[in-house]
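To be precise, the following lines are start05.txt, and they hold compact mmCIF, C-alpha atoms.
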```
# COMPACT_ATOMS: atom_id res chain seq x y z
CA MET A 1 11.74 19.68 9.26
CA LEU A 2 8.75 22.03 9.62
CA SER A 3 10.05 24.30 6.85
CA ASN A 4 10.44 21.25 4.57
CA ASN A 5 6.83 20.21 5.20
CA ILE A 6 5.59 23.73 4.46
CA SER A 7 7.70 23.80 1.30
CA LEU A 8 6.23 20.48 0.12
CA LYS A 9 2.66 21.58 0.90
CA LYS A 10 2.94 24.78 -1.13
CA TYR A 11 3.30 22.68 -4.27
CA SER A 12 0.05 20.84 -3.53
CA PHE A 13 -1.93 24.07 -2.98
CA ILE A 14 -2.81 24.37 -6.67
CA PHE A 15 -4.68 21.04 -6.38
CA ILE A 16 -6.63 22.39 -3.39
CA ILE A 17 -8.01 25.26 -5.51
CA LEU A 18 -8.65 23.02 -8.55
CA TRP A 19 -12.43 23.45 -8.55
CA MET A 20 -12.12 27.17 -7.86
CA VAL A 21 -9.97 27.42 -10.98
CA ILE A 22 -12.27 25.20 -13.09
CA ILE A 23 -15.41 27.16 -12.25
CA ALA A 24 -13.78 30.58 -12.64
CA PRO A 25 -13.94 32.49 -15.97
CA LYS A 26 -10.80 32.31 -18.13
CA SER A 27 -9.60 35.75 -17.08
CA VAL A 28 -9.86 34.80 -13.39
CA GLN A 29 -8.08 31.48 -14.04
CA LEU A 30 -5.24 33.46 -15.59
CA ILE A 31 -5.05 35.79 -12.58
CA LEU A 32 -5.02 32.84 -10.15
CA PHE A 33 -2.13 31.19 -12.02
CA LEU A 34 -0.23 34.48 -12.23
CA PHE A 35 -0.71 35.07 -8.50
CA LEU A 36 0.39 31.58 -7.44
CA LEU A 37 3.42 31.14 -9.72
CA PRO A 38 5.87 33.58 -8.01
CA PHE A 39 5.55 31.67 -4.71
CA ILE A 40 6.64 28.35 -6.20
CA LEU A 41 8.84 29.16 -9.22
CA PRO A 42 12.41 27.92 -8.62
CA LYS A 43 15.31 30.37 -8.96
CA LYS A 44 17.29 27.87 -11.03
CA PHE A 45 16.17 25.14 -13.36
CA LYS A 46 17.55 22.93 -16.11
CA LEU A 47 16.54 23.20 -19.73
CA ASP A 48 15.29 19.94 -21.22
CA ILE A 49 14.01 19.09 -24.68
CA PRO A 50 10.27 19.68 -23.95
CA LEU A 51 11.08 23.08 -22.45
CA ILE A 52 13.32 24.08 -25.38
CA LEU A 53 10.61 23.04 -27.86
CA GLY A 54 8.03 24.92 -25.80
CA ILE A 55 10.12 28.11 -25.91
CA CYS A 56 10.52 27.75 -29.70
CA TYR A 57 6.76 27.33 -30.12
CA ILE A 58 6.03 30.38 -27.98
CA ILE A 59 8.44 32.50 -30.05
CA ILE A 60 6.79 31.40 -33.33
CA TYR A 61 3.28 31.88 -31.92
CA ALA A 62 4.09 35.33 -30.52
CA SER A 63 5.67 36.37 -33.83
CA SER A 64 2.59 35.15 -35.72
CA ILE A 65 0.27 37.19 -33.50
CA ILE A 66 2.35 40.38 -33.88
CA ILE A 67 2.73 40.03 -37.67
CA ASN A 68 -0.92 39.17 -38.30
CA VAL A 69 -2.20 42.04 -36.17
CA PHE A 70 -0.79 44.35 -38.86
CA ARG A 71 -1.58 42.13 -41.86
CA PHE A 72 -5.31 41.70 -41.28
CA ASP A 73 -8.16 43.51 -39.54
CA HIS A 74 -9.19 41.86 -36.27
CA GLU A 75 -11.74 42.57 -33.56
CA ILE A 76 -9.91 43.75 -30.45
CA ILE A 77 -11.58 41.02 -28.37
CA ARG A 78 -10.01 38.33 -30.60
CA VAL A 79 -6.57 39.94 -30.25
CA ILE A 80 -6.98 39.99 -26.46
CA ALA A 81 -8.10 36.33 -26.51
CA SER A 82 -4.98 35.40 -28.48
CA GLY A 83 -2.83 37.34 -26.01
CA ASN A 84 -4.47 35.38 -23.17
CA ASN A 85 -3.76 32.13 -25.01
CA LEU A 86 -0.10 33.03 -25.57
CA LEU A 87 0.32 34.00 -21.91
CA ILE A 88 -1.28 30.79 -20.65
CA TRP A 89 1.16 28.76 -22.79
CA ILE A 90 4.04 30.63 -21.15
CA LEU A 91 2.56 29.93 -17.71
CA ALA A 92 1.99 26.26 -18.56
CA PHE A 93 5.69 25.74 -19.30
CA LEU A 94 6.68 27.65 -16.16
CA PHE A 95 4.45 25.36 -14.09
CA TYR A 96 6.05 22.41 -15.90
CA VAL A 97 9.41 23.69 -14.64
CA VAL A 98 8.07 24.02 -11.08
CA TYR A 99 6.80 20.45 -10.88
CA LYS A 100 9.71 18.93 -12.79
CA GLU A 101 12.22 20.47 -10.37
CA ASN A 102 10.47 20.22 -7.00
CA LYS A 103 9.35 17.20 -4.99
CA VAL A 104 5.62 17.04 -4.35
CA GLU A 105 4.16 15.01 -1.49
CA LYS A 106 2.33 12.16 -3.26
CA LEU A 107 0.06 11.22 -0.35
CA GLU A 108 -0.98 14.84 0.11
CA VAL A 109 -1.81 15.31 -3.57
CA THR A 110 -3.68 11.98 -3.66
CA ARG A 111 -5.77 12.98 -0.64
CA ILE A 112 -6.60 16.38 -2.15
CA LEU A 113 -7.54 14.97 -5.56
CA LYS A 114 -9.70 12.33 -3.86
CA ASN A 115 -11.74 15.21 -2.42
CA ASN A 116 -11.92 16.82 -5.87
CA PHE A 117 -13.35 13.58 -7.26
CA TYR A 118 -15.90 13.52 -4.47
CA ILE A 119 -17.00 16.98 -5.63
CA LEU A 120 -17.31 15.75 -9.23
CA ILE A 121 -19.38 12.73 -8.17
CA PHE A 122 -21.58 14.90 -5.94
CA LEU A 123 -22.21 17.31 -8.83
CA TYR A 124 -23.16 14.38 -11.06
CA TYR A 125 -25.75 12.98 -8.68
CA ALA A 126 -26.99 16.53 -7.95
CA SER A 127 -27.53 17.07 -11.69
CA LEU A 128 -29.66 13.92 -11.90
CA PHE A 129 -31.72 15.05 -8.90
CA LEU A 130 -32.23 18.57 -10.26
CA TYR A 131 -33.18 17.41 -13.75
CA PHE A 132 -35.26 14.29 -13.12
CA ILE A 133 -36.77 15.10 -9.70
CA LEU A 134 -37.02 18.90 -9.62
CA ASP A 135 -37.42 19.18 -13.41
CA LYS A 136 -34.89 22.01 -13.78
CA PRO A 137 -33.75 22.25 -17.43
CA ASN A 138 -30.43 23.95 -16.66
CA ILE A 139 -28.37 25.51 -13.87
CA SER A 140 -25.29 27.70 -14.37
CA LEU A 141 -22.48 29.25 -12.34
CA PHE A 142 -20.28 32.01 -13.79
CA GLY A 143 -21.56 31.11 -17.25
CA HIS A 144 -20.72 27.40 -16.81
CA SER A 145 -23.55 24.86 -16.92
CA LEU A 146 -23.94 21.94 -14.55
CA TYR A 147 -25.67 20.10 -17.41
CA ASP A 148 -27.34 20.84 -20.74
CA GLU A 149 -29.98 19.20 -22.88
CA ALA A 150 -28.70 17.78 -26.17
CA TRP A 151 -29.73 15.40 -28.92
CA PHE A 152 -27.88 12.08 -29.00
CA ASP A 153 -28.90 9.28 -31.37
CA ASN A 154 -32.22 11.09 -31.99
CA ASN A 155 -32.98 11.18 -28.26
CA LEU A 156 -33.08 14.20 -25.96
CA VAL A 157 -30.52 13.63 -23.19
CA ILE A 158 -28.74 15.65 -20.54
CA ARG A 159 -24.98 16.11 -21.01
CA PHE A 160 -23.20 16.49 -17.70
CA SER A 161 -20.59 19.27 -17.84
CA GLY A 162 -20.06 19.79 -14.10
CA PHE A 163 -19.63 23.58 -14.28
CA THR A 164 -16.75 23.21 -16.76
CA ASP A 165 -16.80 25.09 -20.07
CA TYR A 166 -18.18 22.07 -21.94
CA ALA A 167 -18.88 18.37 -21.34
CA ASN A 168 -15.65 17.01 -22.83
CA LEU A 169 -13.68 18.82 -20.12
CA VAL A 170 -15.20 16.37 -17.63
CA ILE A 171 -13.53 13.65 -19.70
CA MET A 172 -10.26 15.59 -19.50
CA PHE A 173 -10.67 15.87 -15.72
CA VAL A 174 -11.01 12.08 -15.49
CA PHE A 175 -8.06 11.55 -17.86
CA LEU A 176 -5.75 13.70 -15.75
CA PHE A 177 -6.77 12.90 -12.19
CA PHE A 178 -8.37 9.44 -12.12
CA PRO A 179 -5.01 7.69 -11.46
CA PHE A 180 -4.73 9.53 -8.13
CA PHE A 181 -8.32 8.66 -7.21
CA LEU A 182 -7.80 5.00 -8.09
CA HIS A 183 -4.57 4.99 -6.08
CA TYR A 184 -6.49 6.28 -3.07
CA ILE A 185 -9.48 3.92 -3.22
CA ASN A 186 -7.22 0.92 -3.88
CA ASN A 187 -5.81 1.33 -0.37
CA LYS A 188 -9.28 1.06 1.18
CA SER A 189 -10.49 -2.29 2.46
CA ASN A 190 -14.21 -1.73 1.82
CA ASN A 191 -14.98 -3.41 -1.51
CA PHE A 192 -18.45 -1.86 -1.76
CA TYR A 193 -16.87 1.60 -1.43
CA LYS A 194 -14.38 0.77 -4.22
CA PHE A 195 -17.11 -0.55 -6.50
CA PHE A 196 -19.42 2.40 -5.85
CA MET A 197 -16.69 4.97 -6.54
CA VAL A 198 -15.45 3.34 -9.75
CA MET A 199 -19.03 2.90 -11.00
CA SER A 200 -19.81 6.52 -10.14
CA VAL A 201 -16.88 7.70 -12.26
CA PHE A 202 -18.04 5.39 -15.05
CA LEU A 203 -21.53 6.92 -14.90
CA VAL A 204 -20.08 10.43 -14.93
CA VAL A 205 -18.19 9.58 -18.13
CA VAL A 206 -21.31 8.06 -19.72
CA GLN A 207 -23.39 11.14 -18.90
CA THR A 208 -21.02 13.44 -20.82
CA TYR A 209 -22.07 11.73 -24.08
CA SER A 210 -18.54 12.24 -25.35
CA ARG A 211 -17.87 9.87 -28.26
CA SER A 212 -14.10 10.36 -28.18
CA GLY A 213 -14.14 9.98 -24.40
CA TYR A 214 -15.98 6.66 -24.61
CA VAL A 215 -13.42 5.24 -27.01
CA LEU A 216 -10.18 6.62 -25.53
CA LEU A 217 -10.86 6.27 -21.80
CA ILE A 218 -11.52 2.52 -21.90
CA PHE A 219 -7.91 1.45 -22.32
CA PRO A 220 -6.14 3.62 -19.69
CA ILE A 221 -8.77 2.89 -17.02
CA PHE A 222 -8.61 -0.86 -17.74
CA PHE A 223 -4.80 -0.74 -17.73
CA SER A 224 -4.71 1.18 -14.42
CA ILE A 225 -7.12 -1.20 -12.70
CA THR A 226 -5.05 -4.12 -14.01
CA LEU A 227 -1.91 -2.69 -12.42
CA TYR A 228 -3.54 -2.73 -9.00
CA LEU A 229 -4.98 -6.21 -9.54
CA GLN A 230 -1.48 -7.46 -10.31
CA GLU A 231 -0.40 -6.16 -6.93
CA LYS A 232 -3.14 -8.01 -5.07
CA LEU A 233 -3.60 -11.24 -7.04
CA ASP A 234 -1.18 -14.05 -7.68
CA LYS A 235 0.42 -13.41 -11.10
CA ARG A 236 -0.30 -16.92 -12.32
CA LEU A 237 -3.97 -16.59 -11.38
CA LEU A 238 -4.16 -13.19 -13.08
CA LEU A 239 -2.50 -14.59 -16.21
CA LEU A 240 -4.99 -17.47 -16.25
CA ILE A 241 -7.89 -15.01 -15.97
CA TYR A 242 -6.50 -12.98 -18.88
CA MET A 243 -5.98 -16.07 -21.03
CA LEU A 244 -9.51 -17.31 -20.35
CA ASN A 245 -10.91 -13.89 -21.21
CA MET A 246 -8.91 -13.82 -24.45
CA VAL A 247 -10.11 -17.30 -25.43
CA ILE A 248 -13.72 -16.34 -24.67
CA LEU A 249 -13.31 -13.12 -26.67
CA VAL A 250 -11.85 -14.94 -29.68
CA VAL A 251 -14.66 -17.53 -29.60
CA ILE A 252 -17.32 -14.82 -29.34
CA LEU A 253 -15.85 -12.81 -32.23
CA SER A 254 -15.34 -15.91 -34.38
CA TYR A 255 -18.63 -17.77 -33.88
CA THR A 256 -21.14 -14.99 -33.19
CA PRO A 257 -22.10 -11.76 -35.00
CA ALA A 258 -20.46 -9.79 -32.15
CA SER A 259 -17.84 -8.13 -34.38
CA GLU A 260 -20.56 -6.79 -36.70
CA ILE A 261 -22.52 -5.57 -33.69
CA VAL A 262 -19.47 -3.79 -32.24
CA TYR A 263 -18.76 -2.19 -35.62
CA SER A 264 -22.36 -1.03 -36.02
CA VAL A 265 -22.36 0.39 -32.47
CA PHE A 266 -19.14 2.25 -33.25
CA LEU A 267 -20.74 3.77 -36.37
CA GLU A 268 -23.85 4.71 -34.40
CA LEU A 269 -21.66 6.32 -31.76
CA LEU A 270 -19.78 8.25 -34.44
CA ASN A 271 -23.00 9.55 -35.95
CA ALA A 272 -24.93 9.93 -32.70
CA ARG A 273 -24.42 13.71 -32.71
CA GLU A 274 -24.35 14.11 -36.48
CA GLY A 275 -24.74 17.90 -36.43
CA SER A 276 -21.73 18.25 -34.16
CA THR A 277 -19.63 15.98 -36.41
CA GLU A 278 -20.53 17.96 -39.53
CA THR A 279 -19.78 21.32 -37.90
CA ARG A 280 -16.45 20.05 -36.61
CA SER A 281 -15.48 18.70 -40.04
CA LEU A 282 -16.33 21.96 -41.83
CA LEU A 283 -14.51 24.03 -39.20
CA LEU A 284 -11.31 21.96 -39.33
CA THR A 285 -11.25 21.83 -43.15
CA GLU A 286 -11.76 25.56 -43.51
CA SER A 287 -9.13 26.31 -40.83
CA ILE A 288 -6.55 24.29 -42.78
CA ASN A 289 -7.53 25.91 -46.09
CA ILE A 290 -7.31 29.46 -44.73
CA THR A 291 -3.89 28.87 -43.21
CA ASN A 292 -2.54 27.19 -46.34
CA THR A 293 -3.77 30.09 -48.47
CA LEU A 294 -2.87 33.11 -46.33
CA SER A 295 0.00 32.19 -44.00
CA PRO A 296 1.24 28.59 -44.28
CA TYR A 297 4.61 28.98 -42.53
CA ILE A 298 3.82 30.94 -39.34
CA GLY A 299 0.03 30.62 -39.28
CA MET A 300 -2.73 33.14 -38.66
CA GLY A 301 -1.81 33.83 -35.02
CA ILE A 302 -5.23 35.17 -34.04
CA LYS A 303 -8.27 32.90 -33.98
CA THR A 304 -11.13 34.72 -35.72
CA LEU A 305 -14.71 33.53 -35.42
CA SER A 306 -16.01 31.20 -38.11
CA PRO A 307 -19.56 31.03 -39.51
CA PHE A 308 -19.76 27.45 -38.16
CA GLY A 309 -21.59 28.02 -34.91
CA LEU A 310 -19.40 31.12 -34.33
CA LEU A 311 -16.61 28.81 -33.22
CA PRO A 312 -13.07 30.18 -33.65
CA TYR A 313 -11.06 28.84 -36.57
CA GLY A 314 -8.48 26.29 -35.42
CA SER A 315 -10.78 24.96 -32.69
CA HIS A 316 -11.82 21.35 -31.97
CA SER A 317 -8.37 19.93 -32.62
CA THR A 318 -5.16 20.80 -30.80
CA PHE A 319 -2.99 19.99 -33.80
CA VAL A 320 -5.13 21.84 -36.34
CA GLY A 321 -5.05 24.69 -33.82
CA PHE A 322 -1.24 24.59 -33.79
CA PHE A 323 -1.24 24.76 -37.59
CA TYR A 324 -3.77 27.62 -37.71
CA LYS A 325 -1.97 29.68 -35.04
CA SER A 326 1.65 29.01 -35.97
CA GLY A 327 1.73 27.37 -39.41
CA TYR A 328 3.92 24.48 -40.51
CA ILE A 329 6.80 25.67 -38.33
CA GLY A 330 4.71 25.67 -35.15
CA LEU A 331 3.03 22.37 -36.06
CA ILE A 332 6.40 20.66 -36.57
CA ILE A 333 7.74 22.01 -33.26
CA THR A 334 4.67 21.00 -31.24
CA SER A 335 4.50 17.58 -32.92
CA PHE A 336 8.08 16.95 -31.80
CA LEU A 337 7.11 18.26 -28.34
CA PHE A 338 4.35 15.67 -27.90
CA ILE A 339 6.46 12.91 -29.43
CA VAL A 340 9.25 13.60 -26.92
CA ILE A 341 6.81 13.75 -23.99
CA ASN A 342 5.05 10.52 -24.97
CA LEU A 343 8.25 8.61 -25.66
CA LYS A 344 9.44 9.44 -22.15
CA LEU A 345 6.07 8.43 -20.70
CA ILE A 346 6.36 5.11 -22.56
CA THR A 347 9.70 4.45 -20.81
CA PHE A 348 7.94 4.78 -17.44
CA LEU A 349 5.29 2.32 -18.66
CA ILE A 350 7.95 -0.17 -19.67
CA ARG A 351 9.73 0.12 -16.31
CA ARG A 352 6.55 -0.24 -14.21
CA ASP A 353 8.58 0.63 -11.12
CA HIS A 354 5.74 2.67 -9.58
CA ILE A 355 2.07 1.87 -10.09
CA LEU A 356 0.85 5.47 -9.86
CA ARG A 357 3.58 6.66 -12.23
CA SER A 358 2.65 3.98 -14.77
CA SER A 359 -1.05 4.77 -14.41
CA LEU A 360 -0.45 8.50 -14.88
CA SER A 361 1.77 7.77 -17.89
CA ILE A 362 -0.85 5.76 -19.78
CA HIS A 363 -3.52 8.37 -19.03
CA LEU A 364 -1.29 11.20 -20.25
CA ILE A 365 -0.41 9.23 -23.40
CA MET A 366 -4.07 8.61 -24.19
CA VAL A 367 -5.04 12.21 -23.46
CA SER A 368 -2.57 13.16 -26.20
CA ALA A 369 -4.69 11.09 -28.57
CA MET A 370 -7.72 13.04 -27.34
CA PHE A 371 -5.97 16.25 -28.43
CA PHE A 372 -6.50 15.25 -32.08
CA VAL A 373 -10.22 15.99 -31.55
CA GLU A 374 -10.11 18.46 -28.64
CA ASP A 375 -8.24 21.66 -27.76
CA ILE A 376 -5.51 21.41 -25.14
CA ASP A 377 -5.86 25.17 -24.65
CA GLY A 378 -9.63 25.39 -25.04
CA THR A 379 -9.62 26.35 -21.38
CA ASN A 380 -6.71 27.63 -19.31
CA TRP A 381 -6.80 25.06 -16.52
CA LEU A 382 -6.53 22.04 -18.84
CA LEU A 383 -3.31 23.28 -20.46
CA VAL A 384 -1.67 24.21 -17.15
CA PHE A 385 -2.61 21.01 -15.30
CA TYR A 386 -1.55 18.83 -18.23
CA PHE A 387 1.98 20.23 -18.04
CA ILE A 388 1.94 20.16 -14.23
CA LEU A 389 1.29 16.41 -14.34
CA VAL A 390 3.87 15.84 -17.08
CA GLY A 391 6.44 17.61 -14.89
CA TYR A 392 5.25 15.64 -11.85
CA VAL A 393 5.70 12.30 -13.64
CA PHE A 394 9.09 13.29 -15.09
CA ASN A 395 10.43 14.37 -11.69
CA SER A 396 12.40 11.44 -10.23
CA LYS A 397 12.30 13.06 -6.75
CA ASN A 398 8.62 12.09 -6.52
CA TRP A 399 9.28 8.39 -6.99
CA SER A 400 11.17 6.65 -4.21
CA VAL A 401 12.97 3.44 -5.13
CA ASN A 402 11.57 1.80 -1.99
CA GLU A 403 7.89 2.20 -2.82
CA LYS A 404 5.60 0.96 -5.57
```

Would it be possible to restate this file's structure as structure tokens?
Amino acid sequence: MLSNNISLKKYSFIFIILWMVIIAPKSVQLILFLFLLPFILPKKFKLDIPLILGICYIIIYASSIIINVFRFDHEIIRVIASGNNLLIWILAFLFYVVYKENKVEKLEVTRILKNNFYILIFLYYASLFLYFILDKPNISLFGHSLYDEAWFDNNLVIRFSGFTDYANLVIMFVFLFFPFFLHYINNKSNNFYKFFMVMSVFLVVVQTYSRSGYVLLIFPIFFSITLYLQEKLDKRLLLLIYMLNMVILVVILSYTPASEIVYSVFLELLNAREGSTETRSLLLTESINITNTLSPYIGMGIKTLSPFGLLPYGSHSTFVGFFYKSGYIGLIITSFLFIVINLKLITFLIRRDHILRSSLSIHLIMVSAMFFVEDIDGTNWLLVFYFILVGYVFNSKNWSVNEK
């Protein structure tokens, strides 16, 4: 019994060191993952479709790097960066195997991730205190900022990045781990505590000034909260509340200028950081043009720096990145990979046999939409933890038939 408990706990250790990994430089993140993996990697595992597609992508990507090293001149630092990226993809799929094959103690992981959310919330309120009370313009740790000043809708604001590489990674943190936090606070009886924690997370999201985050996080958070309300409220009462809200919404949109206001707000949000939007557009367009011209089938392999803010080509979109690094072949493989993953996640949504599983599924589906405008491998920890959670959700051992 003791050995079983120790075995279960070793799979939750990676969540204990989550903030250590996030704050660490990319090279240290890689070392931490490499060090941890041998202790938890199973001796035997089954191949499934996501894993087969992942192996195919890695082969194409590795081939593209090797071929393009000899085809074009590259700075050695860019070649090393591409090698790091290839290795972290390999590790991500190995961690997927670990968490798809091995049972993880749900209560233990929930408790650990609750503490990680406490850290995020503390950092948020600390950033407000440091900036508005102590008047500190910036504070950094290992090259990662707690917050930065930025222009948003012609106003100087502070973007909370919480010692991650950039502010949108805070959004990714919420996407991946909020279902566990909500699961924890739902079991607490103190309503003020629940309200304060949910509002704190909401404020954290607002302070990132992430346009894509604002749009894409609304639905999964609303859906997750609804799942827990269904558990506590009478279904007929909940249905009545929904119907009343829908009627009110239809009336408002039909007989007031609300729809025009919403549309204008959406346009303002889209153009709020106009310089960022323009840079992103130029970078993505040029990345596609270069790949189509020089290596359309297997891609460029190595991300060279662009003149657009010295950002690497293929950045700011996971799928454009796939095309730039591995061409049409890699893009087709990875598109099928995400289609397969999301179709399986949708089946868990339809079943609704476990609230946490359903909540994680909708968050992982919506984070895939976020990958159209963000890099899944922009930082090592995001890629690895995405596939850890996909494996965790897919693993039927984690979901007892006797519990919701």

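Nearest to Tyr131 (chain A) of all the residues A:Asn292, A:Met172, A:Phe160, A:Ile90 is A:Phe160, counting only C-alpha atoms.
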
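Each of A:Leu128, A:Val367, A:Met300, A:Leu87 was checked against Lys26 (chain A) using all atoms listed in the file; the smallest atom-to-atom distance is that of A:Leu87.
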
### Message
Which residue is closest to Ser368 (chain A)? Choose from A:Met197, A:Leu176, A:Ile59, A:Asp48 and count only C-alpha atoms.
### Response
A:Leu176

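For the pair CA of Ala62 (chain A) and CA of Ile31 (chain A), the separation is 20.1 Å.
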
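The spacing separating CA of Ser161 (chain A) from CA of Asp377 (chain A) amounts to 17.3 Å.
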
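Within the 12 Å cut-off around Ile14 (chain A), using only C-alpha atoms and omitting residues fewer than 5 positions from it on the same chain, the listed residues are A:Leu8, A:Lys9, A:Trp19, A:Met20, A:Val21, A:Ile22, A:Gln29, A:Leu32, A:Phe33, A:Leu34, A:Phe35, A:Leu36, A:Leu37, A:Phe39, A:Ile40, A:Phe95, A:Val98, A:Tyr99, A:Val104, A:Glu108, A:Val109, A:Ile112, A:Leu113, A:Asn116, A:Trp381, A:Val384, A:Phe385, A:Ile388, A:Leu389.
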
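Once region 68-84 of chain A and its same-chain neighbours fewer than 2 positions away are set aside, Lys26, Ser27, Leu30, Tyr61, Ala62, Ser63, Ser64, Ile65, Ile66, Leu86, Leu87, Ile88, Trp89, Ile90, Ser295, Ile298, Gly299, Met300, Gly301, Ile302, Lys303, Thr304, Leu305, Pro312, Lys325 and Asn380 of chain A remain within 10 Å of it when counting only C-alpha atoms.
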
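Across the structure, CA of Ser359 (chain A) and CA of Pro179 (chain A) are spaced 5.7 Å apart.
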
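In terms of minimum interatomic distance to Ala167 (chain A), A:Val204 ranks closest within A:Pro137, A:Phe338, A:Asn155, A:Val204, counting all atoms listed in the file.
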
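Compared by their closest atoms to Ile185 (chain A), and using all atoms listed in the file, the residues A:Thr110, A:Phe142, A:Glu149, A:Ser281 rank with A:Thr110 nearest.
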
### Message
Here is a test: counting all atoms listed in the file, which residue of A:Phe163, A:Phe15, A:Tyr125, A:Tyr118 is nearest to Ser140 (chain A)?
### Response
A:Phe163

### Message
Need to verify the contact set: Ser306 (chain A), 9 Å, all atoms listed in the file, exclusion of same-chain residues closer than 6 positions in sequence. Can you return it as a list of chain:residue names?
### Response
A:Leu283, A:Glu286, A:Ser287, A:Pro312, A:Tyr313

Would you place a box with edges along x, y and z of the file around all atoms of region 388-397 of chain A listed there, add 8 Å to each of its six sides, and report the centre and edge lengths in Å to one decimal, as AutoDock Vina command-line options?
```
--center_x 6.8 --center_y 15.8 --center_z -11.9 --size_x 27.1 --size_y 24.7 --size_z 26.3
```

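For Lys100 (chain A), the set of protein, DNA and RNA residues having any atom at most 9 Å away, when counting all atoms listed in the file and skipping those fewer than 5 positions along the same chain, is Phe45, Phe95, Ile388, Leu389, Val390, Gly391, Tyr392, Val393, Phe394, Asn395, Ser396 and Lys397 of chain A.
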
Filtering to C-alpha atoms, could you give me those residues as a PDB file, in the coordinates of the input?
```pdb
ATOM      1  CA  PHE A  45      16.170  25.140 -13.360  1.00  0.00           C
ATOM      2  CA  PHE A  95       4.450  25.360 -14.090  1.00  0.00           C
ATOM      3  CA  ILE A 388       1.940  20.160 -14.230  1.00  0.00           C
ATOM      4  CA  LEU A 389       1.290  16.410 -14.340  1.00  0.00           C
ATOM      5  CA  VAL A 390       3.870  15.840 -17.080  1.00  0.00           C
ATOM      6  CA  GLY A 391       6.440  17.610 -14.890  1.00  0.00           C
ATOM      7  CA  TYR A 392       5.250  15.640 -11.850  1.00  0.00           C
ATOM      8  CA  VAL A 393       5.700  12.300 -13.640  1.00  0.00           C
ATOM      9  CA  PHE A 394       9.090  13.290 -15.090  1.00  0.00           C
ATOM     10  CA  ASN A 395      10.430  14.370 -11.690  1.00  0.00           C
ATOM     11  CA  SER A 396      12.400  11.440 -10.230  1.00  0.00           C
ATOM     12  CA  LYS A 397      12.300  13.060  -6.750  1.00  0.00           C
TER      13      LYS A 397
END
```
